[in-house]
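Asker: Input target_9.csv, format and content: CSV, C-alpha atoms and all ligand atoms.
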chain,number,residue,atom,x,y,z
A,254,MET,CA,124.0,121.3,25.3
A,255,SER,CA,125.2,121.5,21.7
A,256,GLN,CA,124.1,118.9,19.1
A,257,PRO,CA,126.5,116.0,18.7
A,258,ALA,CA,128.5,116.1,15.4
A,259,GLN,CA,127.4,114.3,12.3
A,260,ILE,CA,129.5,111.1,11.9
A,261,ILE,CA,131.0,110.8,8.4
A,262,ASP,CA,130.5,107.1,7.6
A,263,GLY,CA,133.5,106.2,5.4
A,264,LYS,CA,131.9,102.9,4.5
A,265,VAL,CA,129.0,104.6,2.6
A,266,TYR,CA,131.3,106.8,0.5
A,267,ALA,CA,133.9,104.1,-0.1
A,268,GLU,CA,131.3,101.6,-1.3
A,269,ARG,CA,129.8,104.3,-3.6
A,270,LEU,CA,133.2,105.1,-5.0
A,271,ARG,CA,134.1,101.4,-5.5
A,272,GLY,CA,130.8,101.0,-7.3
A,273,GLN,CA,131.5,103.9,-9.6
A,274,VAL,CA,135.0,102.5,-10.3
A,275,GLY,CA,133.5,99.1,-11.1
A,276,GLU,CA,131.0,100.6,-13.6
A,277,GLU,CA,133.8,102.6,-15.3
A,278,VAL,CA,136.0,99.4,-15.5
A,279,ALA,CA,133.0,97.6,-17.2
A,280,ARG,CA,132.6,100.5,-19.6
A,281,LEU,CA,136.3,100.6,-20.5
A,282,LYS,CA,136.3,96.8,-21.1
A,283,ALA,CA,133.2,96.9,-23.3
A,284,THR,CA,133.9,100.1,-25.3
A,285,HIS,CA,137.7,100.1,-25.5
A,286,GLY,CA,138.8,96.5,-24.7
A,287,LEU,CA,140.8,98.1,-21.8
A,288,THR,CA,141.1,96.3,-18.5
A,289,PRO,CA,142.8,98.5,-15.8
A,290,GLY,CA,145.6,96.5,-14.1
A,291,LEU,CA,146.9,96.9,-10.6
A,292,ALA,CA,150.1,95.2,-9.3
A,293,VAL,CA,150.7,95.3,-5.5
A,294,VAL,CA,154.1,94.4,-4.2
A,295,LEU,CA,154.5,93.2,-0.6
A,296,VAL,CA,157.9,92.5,0.9
A,297,GLY,CA,158.1,90.5,4.1
A,298,GLU,CA,155.5,89.5,6.7
A,299,ASP,CA,154.3,92.7,8.4
A,300,PRO,CA,150.8,91.7,9.7
A,301,ALA,CA,149.2,95.1,9.0
A,302,SER,CA,150.7,95.2,5.5
A,303,GLN,CA,149.4,91.7,4.8
A,304,ILE,CA,145.9,92.8,5.7
A,305,TYR,CA,146.1,96.0,3.5
A,306,VAL,CA,147.5,94.1,0.6
A,307,ARG,CA,144.8,91.4,0.7
A,308,SER,CA,142.1,94.0,0.8
A,309,LYS,CA,143.6,95.8,-2.2
A,310,GLY,CA,143.8,92.6,-4.2
A,311,GLU,CA,140.2,91.6,-3.3
A,312,HIS,CA,138.7,95.0,-4.0
A,313,SER,CA,140.5,95.4,-7.3
A,314,LYS,CA,139.3,92.0,-8.5
A,315,ALA,CA,135.7,92.8,-7.3
A,316,ALA,CA,135.9,96.0,-9.4
A,317,GLY,CA,136.7,93.8,-12.5
A,318,MET,CA,140.3,94.8,-12.7
A,319,HIS,CA,143.3,92.7,-13.7
A,320,SER,CA,144.9,92.3,-10.2
A,321,VAL,CA,148.3,90.8,-9.3
A,322,THR,CA,150.0,90.6,-6.0
A,323,HIS,CA,153.8,89.9,-5.8
A,324,ARG,CA,155.0,88.7,-2.5
A,325,LEU,CA,158.7,88.8,-1.8
A,326,ALA,CA,160.4,87.2,1.2
A,327,GLU,CA,161.5,89.4,4.1
A,328,SER,CA,165.1,88.6,3.0
A,329,ALA,CA,164.6,90.0,-0.6
A,330,THR,CA,167.5,92.1,-1.8
A,331,GLN,CA,167.3,95.7,-3.2
A,332,ASP,CA,168.2,94.3,-6.6
A,333,GLU,CA,165.4,91.8,-6.6
A,334,LEU,CA,162.8,94.5,-5.6
A,335,MET,CA,164.2,97.0,-8.2
A,336,ALA,CA,164.1,94.3,-10.9
A,337,LEU,CA,160.4,93.5,-10.1
A,338,VAL,CA,159.5,97.2,-10.2
A,339,GLU,CA,161.3,97.6,-13.6
A,340,ALA,CA,159.4,94.6,-15.0
A,341,LEU,CA,156.1,96.0,-13.8
A,342,ASN,CA,157.0,99.4,-15.3
A,343,ALA,CA,157.5,97.7,-18.6
A,344,ASP,CA,154.3,95.5,-18.4
A,345,PRO,CA,151.6,96.9,-20.6
A,346,ALA,CA,148.8,95.0,-18.7
A,347,ILE,CA,149.8,96.9,-15.5
A,348,HIS,CA,148.7,100.5,-15.2
A,349,GLY,CA,149.1,100.9,-11.5
A,350,ILE,CA,152.0,99.7,-9.2
A,351,LEU,CA,151.8,100.0,-5.4
A,352,VAL,CA,154.8,99.0,-3.3
A,353,GLN,CA,153.4,98.4,0.2
A,354,LEU,CA,155.2,100.5,2.7
A,355,PRO,CA,157.0,100.3,5.1
A,356,LEU,CA,159.6,98.1,3.5
A,357,PRO,CA,161.9,95.9,5.7
A,358,ARG,CA,164.7,98.1,7.1
A,359,HIS,CA,167.4,96.8,4.9
A,360,LEU,CA,165.6,98.1,1.7
A,361,ASP,CA,165.8,101.6,0.4
A,362,GLU,CA,162.3,103.0,-0.2
A,363,LYS,CA,163.5,106.2,-1.9
A,364,ALA,CA,165.5,104.2,-4.5
A,365,VAL,CA,162.4,102.2,-5.3
A,366,LEU,CA,160.2,105.3,-5.7
A,367,ALA,CA,163.0,106.9,-7.9
A,368,ILE,CA,162.6,104.2,-10.5
A,369,LEU,CA,158.8,103.7,-10.3
A,370,ASP,CA,157.1,105.0,-13.5
A,371,PRO,CA,155.2,108.1,-12.3
A,372,GLU,CA,152.4,107.3,-14.7
A,373,LYS,CA,151.9,104.0,-12.8
A,374,ASP,CA,152.5,105.5,-9.4
A,375,VAL,CA,148.9,105.0,-8.1
A,376,ASP,CA,150.0,105.8,-4.5
A,377,GLY,CA,151.2,109.3,-5.7
A,378,LEU,CA,154.5,109.0,-3.8
A,379,THR,CA,157.0,109.7,-6.6
A,380,MET,CA,158.7,113.2,-6.7
A,381,VAL,CA,157.0,113.8,-10.1
A,382,ASN,CA,153.5,113.3,-8.7
A,383,ALA,CA,154.3,115.3,-5.5
A,384,GLY,CA,155.6,118.1,-7.8
A,385,ARG,CA,152.5,118.0,-10.0
A,386,LEU,CA,150.3,118.2,-6.9
A,387,ALA,CA,152.3,121.1,-5.5
A,388,SER,CA,152.1,122.8,-8.8
A,389,GLY,CA,148.4,122.3,-9.2
A,390,LEU,CA,148.9,120.1,-12.2
A,391,PRO,CA,147.0,116.9,-13.0
A,392,GLY,CA,148.7,113.8,-11.7
A,393,LEU,CA,148.2,110.7,-9.5
A,394,TYR,CA,147.7,112.0,-6.0
A,395,PRO,CA,148.1,110.1,-2.7
A,396,CYS,CA,145.0,108.0,-1.9
A,397,THR,CA,144.3,108.8,1.8
A,398,PRO,CA,144.4,112.6,1.1
A,399,VAL,CA,142.2,112.3,-1.9
A,400,GLY,CA,139.8,110.2,0.1
A,401,SER,CA,139.7,112.8,2.9
A,402,MET,CA,138.8,115.5,0.3
A,403,ILE,CA,136.0,113.4,-1.0
A,404,LEU,CA,134.5,113.1,2.5
A,405,LEU,CA,134.9,116.9,3.1
A,406,ARG,CA,133.3,117.8,-0.2
A,407,GLU,CA,130.4,115.4,0.4
A,408,THR,CA,129.7,116.8,3.9
A,409,VAL,CA,130.8,120.4,4.1
A,410,GLY,CA,130.2,121.1,0.4
A,411,ASP,CA,132.0,124.2,-0.9
A,412,LEU,CA,135.4,124.6,0.9
A,413,THR,CA,136.2,128.0,-0.6
A,414,GLY,CA,137.7,130.4,2.0
A,415,LYS,CA,137.5,127.9,4.9
A,416,ARG,CA,140.3,128.0,7.5
A,417,ALA,CA,142.0,124.6,7.3
A,418,VAL,CA,144.5,123.2,9.8
A,419,VAL,CA,146.4,120.0,9.0
A,420,VAL,CA,148.3,118.5,11.9
A,421,GLY,CA,151.2,116.5,10.4
A,422,ARG,CA,153.5,117.2,7.5
A,423,SER,CA,154.4,113.7,6.1
A,424,MET,CA,154.8,113.2,2.4
A,425,LEU,CA,152.2,110.4,2.6
A,426,VAL,CA,149.4,112.3,4.3
A,427,GLY,CA,149.9,115.8,5.9
A,428,ARG,CA,151.6,117.6,3.0
A,429,PRO,CA,149.4,116.3,0.2
A,430,ILE,CA,146.2,117.0,2.2
A,431,ALA,CA,147.4,120.5,2.7
A,432,GLN,CA,148.1,120.9,-1.0
A,433,LEU,CA,144.6,119.6,-1.9
A,434,LEU,CA,143.0,121.9,0.6
A,435,LEU,CA,144.9,124.8,-1.0
A,436,GLN,CA,143.7,123.7,-4.4
A,437,ALA,CA,140.1,123.8,-3.0
A,438,ASP,CA,140.8,127.5,-2.0
A,439,CYS,CA,141.1,127.0,1.7
A,440,THR,CA,143.4,129.1,3.8
A,441,VAL,CA,145.8,126.4,5.0
A,442,THR,CA,148.0,126.1,8.1
A,443,ILE,CA,150.3,123.0,8.4
A,444,ALA,CA,151.1,122.2,12.1
A,445,HIS,CA,153.7,119.7,13.3
A,446,SER,CA,155.7,118.7,16.3
A,447,ARG,CA,157.4,122.1,16.6
A,448,THR,CA,154.2,124.2,16.3
A,449,GLN,CA,153.7,126.5,19.3
A,450,ASP,CA,150.4,126.4,21.1
A,451,LEU,CA,148.9,123.7,18.9
A,452,PRO,CA,145.5,123.8,20.7
A,453,ALA,CA,145.1,127.5,19.8
A,454,VAL,CA,146.1,126.8,16.2
A,455,CYS,CA,143.6,123.9,15.9
A,456,ARG,CA,140.8,126.1,17.4
A,457,GLU,CA,141.0,128.4,14.4
A,458,ALA,CA,140.1,125.6,12.0
A,459,ASP,CA,136.8,125.3,10.2
A,460,ILE,CA,138.4,122.1,8.8
A,461,LEU,CA,140.8,120.2,11.1
A,462,VAL,CA,142.8,117.3,9.7
A,463,ALA,CA,144.7,115.1,12.2
A,464,ALA,CA,147.5,113.0,10.6
A,465,VAL,CA,149.9,112.6,13.5
A,466,GLY,CA,150.0,109.0,14.7
A,467,ARG,CA,149.3,109.9,18.4
A,468,PRO,CA,146.3,108.3,20.0
A,469,ARG,CA,143.5,110.8,21.0
A,470,MET,CA,145.9,113.7,21.1
A,471,ILE,CA,143.4,116.2,19.8
A,472,ARG,CA,141.0,117.0,22.6
A,473,GLY,CA,137.5,118.4,22.4
A,474,ASP,CA,138.5,121.8,23.6
A,475,TRP,CA,141.0,122.2,20.7
A,476,ILE,CA,138.1,122.1,18.2
A,477,LYS,CA,136.1,125.1,17.0
A,478,PRO,CA,132.4,124.5,17.5
A,479,GLY,CA,130.9,123.2,14.2
A,480,ALA,CA,134.2,122.4,12.6
A,481,ALA,CA,134.7,119.4,10.2
A,482,VAL,CA,137.2,117.0,11.7
A,483,ILE,CA,139.0,114.5,9.6
A,484,ASP,CA,140.9,111.9,11.7
A,485,VAL,CA,143.5,110.1,9.6
A,486,GLY,CA,145.2,108.5,12.6
A,487,ILE,CA,145.3,104.7,13.0
A,488,ASN,CA,146.8,103.9,16.4
A,489,ARG,CA,146.7,100.6,18.3
A,490,VAL,CA,146.1,101.0,22.0
A,491,PRO,CA,145.2,98.6,24.8
A,492,PHE,CA,141.4,98.2,25.6
A,493,ASP,CA,140.0,100.5,28.2
A,494,ASP,CA,138.5,97.4,29.9
A,495,PRO,CA,141.3,96.3,32.3
A,496,VAL,CA,140.4,92.6,31.8
A,497,LYS,CA,140.8,92.8,28.0
A,498,ALA,CA,143.9,95.0,28.4
A,499,ALA,CA,145.4,92.4,30.7
A,500,GLU,CA,144.9,89.8,28.0
A,501,GLY,CA,147.1,92.0,25.8
A,502,ARG,CA,144.1,92.8,23.5
A,503,THR,CA,144.3,96.1,21.5
A,504,LYS,CA,141.9,98.2,19.5
A,505,VAL,CA,142.3,101.0,16.9
A,506,VAL,CA,141.7,104.7,17.8
A,507,GLY,CA,142.4,107.9,15.9
A,508,ASP,CA,144.4,110.9,16.7
A,509,VAL,CA,141.3,112.7,17.8
A,510,HIS,CA,139.6,112.1,21.2
A,511,PHE,CA,136.4,111.0,19.5
A,512,LYS,CA,134.0,111.2,22.4
A,513,GLU,CA,135.0,114.7,23.3
A,514,ALA,CA,135.2,115.9,19.7
A,515,LEU,CA,131.7,114.5,19.0
A,516,GLN,CA,130.2,117.1,21.4
A,517,VAL,CA,131.9,120.1,19.6
A,518,ALA,CA,132.5,119.3,16.0
A,519,GLY,CA,129.9,119.7,13.2
A,520,TRP,CA,131.2,116.6,11.3
A,521,ILE,CA,133.7,114.0,12.3
A,522,THR,CA,135.2,110.9,10.8
A,523,PRO,CA,135.3,107.9,13.2
A,524,ALA,CA,138.6,105.9,13.3
A,525,PRO,CA,138.3,103.1,12.4
A,526,GLY,CA,135.4,103.4,9.9
A,527,GLY,CA,136.2,106.8,8.4
A,528,VAL,CA,139.0,107.9,6.1
A,529,GLY,CA,140.8,104.5,6.2
A,530,LEU,CA,138.0,102.9,4.2
A,531,MET,CA,138.4,105.5,1.4
A,532,THR,CA,142.1,104.7,0.8
A,533,VAL,CA,141.6,101.5,-1.2
A,534,ALA,CA,138.6,103.0,-3.1
A,535,VAL,CA,140.8,105.9,-4.2
A,536,LEU,CA,143.6,103.5,-5.1
A,537,LEU,CA,141.2,101.8,-7.5
A,538,GLN,CA,140.1,105.1,-8.9
A,539,ASN,CA,143.8,106.1,-9.5
A,540,THR,CA,144.4,102.8,-11.3
A,541,VAL,CA,141.5,103.6,-13.7
A,542,ILE,CA,142.9,107.2,-14.2
A,543,ALA,CA,146.3,105.7,-15.0
A,544,ALA,CA,144.9,103.1,-17.4
A,545,LYS,CA,142.8,105.8,-19.2
A,546,ARG,CA,145.9,108.1,-19.5
A,547,ALA,CA,148.0,105.2,-20.8
A,548,ALA,CA,145.4,104.5,-23.5
A,549,GLY,CA,145.1,108.2,-24.4
A,550,LEU,CA,141.4,108.4,-23.2
A,551,GLU,CA,139.9,111.4,-21.6
A,552,ILE,CA,139.8,111.2,-17.8
B,601,LIG,P1,154.4,110.3,10.2
B,601,LIG,O1,154.9,109.7,11.5
B,601,LIG,O2,155.1,110.2,9.0
B,601,LIG,O3,154.1,111.9,10.5
B,601,LIG,C1,153.5,112.3,11.7
B,601,LIG,C2,153.4,113.8,11.6
B,601,LIG,O4,152.8,114.2,12.9
B,601,LIG,C3,154.8,114.5,11.5
B,601,LIG,O5,154.7,115.6,10.6
B,601,LIG,C4,155.0,115.0,13.0
B,601,LIG,O6,155.7,116.2,13.0
B,601,LIG,C5,153.6,115.2,13.5
B,601,LIG,N1,153.6,115.1,14.9
B,601,LIG,C6,154.1,114.1,15.7
B,601,LIG,N2,153.9,114.4,17.0
B,601,LIG,C7,153.3,115.6,17.0
B,601,LIG,C8,152.8,116.4,18.1
B,601,LIG,N3,152.9,116.0,19.4
B,601,LIG,N4,152.2,117.6,17.8
B,601,LIG,C9,152.1,118.0,16.5
B,601,LIG,N5,152.5,117.2,15.5
B,601,LIG,C10,153.1,116.1,15.7
B,601,LIG,O7,152.9,109.7,10.1
B,601,LIG,P2,152.0,109.6,8.8
B,601,LIG,O8,151.7,110.9,8.2
B,601,LIG,O9,152.5,108.5,7.9
B,601,LIG,O10,150.7,109.0,9.4
B,601,LIG,C11,149.9,109.7,10.4
B,601,LIG,C12,148.8,108.9,10.9
B,601,LIG,O11,147.9,108.5,9.9
B,601,LIG,C13,149.3,107.5,11.5
B,601,LIG,O12,148.4,107.2,12.6
B,601,LIG,C14,149.1,106.5,10.4
B,601,LIG,O13,148.9,105.2,10.9
B,601,LIG,C15,147.8,107.1,9.8
B,601,LIG,N6,147.6,106.8,8.4
B,601,LIG,C16,146.4,106.4,8.0
B,601,LIG,C17,146.1,106.0,6.7
B,601,LIG,C18,144.7,105.7,6.3
B,601,LIG,O14,144.5,105.0,5.3
B,601,LIG,N7,143.7,106.1,7.1
B,601,LIG,C19,147.1,106.1,5.7
B,601,LIG,C20,148.4,106.5,6.2
B,601,LIG,C21,148.6,106.9,7.5
B,601,LIG,P3,157.3,116.4,12.6
B,601,LIG,O15,157.3,116.4,11.1
B,601,LIG,O16,157.6,117.7,13.2
B,601,LIG,O17,158.0,115.2,13.1
Show this structure as structure tokens.
Answerer:
Amino acid sequence: MSQPAQIIDGKVYAERLRGQVGEEVARLKATHGLTPGLAVVLVGEDPASQIYVRSKGEHSKAAGMHSVTHRLAESATQDELMALVEALNADPAIHGILVQLPLPRHLDEKAVLAILDPEKDVDGLTMVNAGRLASGLPGLYPCTPVGSMILLRETVGDLTGKRAVVVGRSMLVGRPIAQLLLQADCTVTIAHSRTQDLPAVCREADILVAAVGRPRMIRGDWIKPGAAVIDVGINRVPFDDPVKAAEGRTKVVGDVHFKEALQVAGWITPAPGGVGLMTVAVLLQNTVIAAKRAAGLEI
């Protein structure tokens, strides 16, 4: 029987990155009088978004940053949200702005991203930053994809020439990860819901990234032995235990069938406990990058 995969513990790498960011914030304050500032905007009461926003606020404060959270009511109008983003664009103490998505349905996300200052777009979601990424230019890149790349570099090492398959083509995850893998000189395939014979495509991958949003879709026999598997998926499912399930209790699983994959892969991120933990750490890193650029300092 083959060796089980090495589990990539996101906590270790996220803690390390947050520590590095904290040190850099302290240095910027001491030597340049510069305090990186992050503003997080939350509209409405979505429970998952509330948790993410709280975590972003806590971690940015812990890193020594100036941190503000703006909470707008579920009923907030497009004009109110746009006015807030404009005010944050103009605020010199704020270097990074994150509008927590998804927005309530009556609000237009694209219109908000269209006015967001790309130099403060620490989520990397504006067209300008997507274009910079696609062109291989420096910019602010999306946090979860950057976090995934850090984990890959820390475990696999040099990615040059590796066959990478990314399942999912969203602007938030799939596309930017594919671009970053390309920048790392991988040979990249992007798969999606119309891909034919997805298991065969996945089996070609030295690096397999799952960003689909379908619980445990990627099975063990879709994975090339020894491959590095990055599971971005966050899916809520009922507990396997019928008693807990009957109580309506749920747990989080990834897009990869973890138990099966563990027997085949070389490295694998657990979900939860893998990529998700990197997201906030990279957000802090992006805020520091934005603050240094705004101050004309070298990155
Ligand atoms: P989207 O719903 O925007 O995109 C899902 C992608 O998966 C689409 O490109 C879709 O293809 C593809 N897809 C759907 N079904 C299949 C299928 N049966 N076979 C192949 N491809 C399929 O999701 P996101 O990219 O925003 O998120 C993906 C997952 O990552 C979710 O579970 C989300 O919760 C999680 N996530 C985790 C984060 C973290 O911090 N860890 C951050 C952000 C997201 P098509 O384009 O053809 O429809």
Asker: Considering all atoms listed in the file, tabulate each residue of chain A that lies at most 10 Å from ligand LIG 601 (chain B) along with its nearest interatomic pair and the corresponding distance in Å to one decimal; arrange the rows by chain and ascending residue number and present them as CSV.
Answerer:
residue,atom,partner,partner_atom,distance
A:Tyr305,CA,B:LIG601,O14,9.3
A:Leu354,CA,B:LIG601,C20,9.7
A:Pro355,CA,B:LIG601,O9,9.8
A:Pro395,CA,B:LIG601,C19,9.4
A:Cys396,CA,B:LIG601,O14,7.8
A:Thr397,CA,B:LIG601,O14,5.2
A:Pro398,CA,B:LIG601,C19,8.4
A:Gly400,CA,B:LIG601,O14,8.7
A:Ser401,CA,B:LIG601,N7,8.9
A:Val419,CA,B:LIG601,N5,9.3
A:Val420,CA,B:LIG601,N5,5.7
A:Gly421,CA,B:LIG601,O5,3.6
A:Arg422,CA,B:LIG601,O5,3.7
A:Ser423,CA,B:LIG601,O8,4.4
A:Met424,CA,B:LIG601,O8,7.0
A:Leu425,CA,B:LIG601,O9,5.6
A:Val426,CA,B:LIG601,O8,4.7
A:Gly427,CA,B:LIG601,O8,5.7
A:Arg428,CA,B:LIG601,O5,8.4
A:Pro429,CA,B:LIG601,O8,9.9
A:Ile443,CA,B:LIG601,O5,8.9
A:Ala444,CA,B:LIG601,C9,6.2
A:His445,CA,B:LIG601,N5,3.5
A:Ser446,CA,B:LIG601,N5,3.6
A:Arg447,CA,B:LIG601,O16,5.6
A:Thr448,CA,B:LIG601,C9,6.5
A:Gln449,CA,B:LIG601,C9,9.1
A:Asp450,CA,B:LIG601,N4,9.6
A:Leu451,CA,B:LIG601,C9,7.0
A:Pro452,CA,B:LIG601,N4,9.6
A:Ala463,CA,B:LIG601,C12,7.5
A:Ala464,CA,B:LIG601,C11,4.1
A:Val465,CA,B:LIG601,O4,3.4
A:Gly466,CA,B:LIG601,O12,3.2
A:Arg467,CA,B:LIG601,O12,6.5
A:Pro468,CA,B:LIG601,O12,7.8
A:Met470,CA,B:LIG601,N3,7.6
A:Ile471,CA,B:LIG601,N4,9.1
A:Ile483,CA,B:LIG601,N7,9.9
A:Asp484,CA,B:LIG601,N7,7.9
A:Val485,CA,B:LIG601,O11,4.7
A:Gly486,CA,B:LIG601,O12,3.5
A:Ile487,CA,B:LIG601,O12,4.0
A:Asn488,CA,B:LIG601,O12,5.3
A:Arg489,CA,B:LIG601,O12,8.9
A:Val505,CA,B:LIG601,O12,9.7
A:Val506,CA,B:LIG601,O12,8.8
A:Gly507,CA,B:LIG601,O12,6.9
A:Asp508,CA,B:LIG601,O12,6.8
A:Ala524,CA,B:LIG601,N7,8.0
A:Pro525,CA,B:LIG601,N7,8.1
A:Gly526,CA,B:LIG601,N7,9.2
A:Gly527,CA,B:LIG601,N7,7.6
A:Val528,CA,B:LIG601,N7,5.1
A:Gly529,CA,B:LIG601,N7,3.4
A:Leu530,CA,B:LIG601,O14,6.9
A:Met531,CA,B:LIG601,O14,7.3
A:Thr532,CA,B:LIG601,O14,5.1
A:Val533,CA,B:LIG601,O14,7.9
Asker: What is the CA of Gln256 (chain A)-CA of Gly414 (chain A) distance in Å, reported with one decimal?
Answerer: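 Spanning CA of Gln256 (chain A) to CA of Gly414 (chain A) is a straight-line distance of 24.7 Å.
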Asker: Could you tell me how far CA of Arg358 (chain A) lies from CA of Gln303 (chain A), in Å and to one decimal?
Answerer: 16.7 Å
Asker: Would you compute the distance between CA of Ala514 (chain A) and CA of Arg456 (chain A)? Give it in Å to one decimal.
Answerer: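 So the answer is 11.9 Å.
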Asker: With all atoms listed in the file as the basis for distance, which of A:Lys545, A:Lys477, A:His323, A:His359 is at the shortest distance from Arg280 (chain A)?
Answerer: A:Lys545
Asker: Tell me which of A:Gly290, A:Asp459, A:Ala548, A:Pro478 sits closest to Ala346 (chain A), counting only C-alpha atoms.
Answerer: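 For Ala346 (chain A), the nearest of the candidates is A:Gly290.
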Asker: Using all atoms listed in the file, which residue out of A:Ile430, A:Ile552, A:Ala534, A:Val278 lies closest to Ser308 (chain A)?
Answerer: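 Looking only at the distances to Ser308 (chain A), the closest residue turns out to be A:Ala534.
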Asker: What lies within 12 Å of Val535 (chain A) using all atoms listed in the file, ignoring chain neighbours under 3 positions off, as an MDAnalysis selection string?
Answerer: chainID A and resid 266:274 309 312:313 375:377 393:404 528:532 538:542
Asker: So which residues touch Ser328 (chain A) within 12 Å, counting all atoms listed in the file, skipping near sequence neighbours fewer than 5 positions away, as an NGL selection string?
Answerer: :A and (296-298 or 333-334 or 356-360)
Asker: Between A:Leu537, A:Val509, A:Met380, A:Ile460, single out the one closest to Ile350 (chain A), counting all atoms listed in the file.
Answerer: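 Closest to Ile350 (chain A), using all atoms listed in the file: A:Leu537.
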Asker: Tell me, as JSON, numbers by chain, which residues lie within 8 Å of Gly317 (chain A), counting all atoms listed in the file; anything in the same chain fewer than 5 positions away does not count.
Answerer: {"A": [275, 278, 279, 288]}
Asker: Using only C-alpha atoms, which residues sit within 8 Å of Ala437 (chain A) once same-chain residues fewer than 4 positions away are excluded, as a ChimeraX atom specification?
Answerer: /A:412-413,433
Asker: Please return as a PyMOL selection string every residue within 7 Å of (133.0, 111.9, 11.0), taking into account only C-alpha atoms and the file's own coordinates.
Answerer: chain A and resi 259-262+482-483+520-523+527
Asker: Skip Leu369 (chain A) itself and residues of its chain fewer than 3 positions away, then list as a JSON list (two decimals) with C-alpha atoms, keeping the file's coordinate frame all residues within 9 Å of it, counting all atoms listed in the file.
Answerer:
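This went into selection-v7.json:
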[["chain", "number", "residue", "atom", "x", "y", "z"],
["A", 335, "MET", "CA", 164.20, 97.00, -8.20],
["A", 338, "VAL", "CA", 159.50, 97.20, -10.20],
["A", 339, "GLU", "CA", 161.30, 97.60, -13.60],
["A", 341, "LEU", "CA", 156.10, 96.00, -13.80],
["A", 342, "ASN", "CA", 157.00, 99.40, -15.30],
["A", 350, "ILE", "CA", 152.00, 99.70, -9.20],
["A", 364, "ALA", "CA", 165.50, 104.20, -4.50],
["A", 365, "VAL", "CA", 162.40, 102.20, -5.30],
["A", 366, "LEU", "CA", 160.20, 105.30, -5.70],
["A", 372, "GLU", "CA", 152.40, 107.30, -14.70],
["A", 373, "LYS", "CA", 151.90, 104.00, -12.80],
["A", 374, "ASP", "CA", 152.50, 105.50, -9.40],
["A", 379, "THR", "CA", 157.00, 109.70, -6.60]]
Asker: Name the residues within 6 Å of (127.6, 115.7, 20.6), counting all atoms listed in the file in the file's coordinates, and put them as a PyMOL selection string.
Answerer: chain A and resi 256-258+515-516
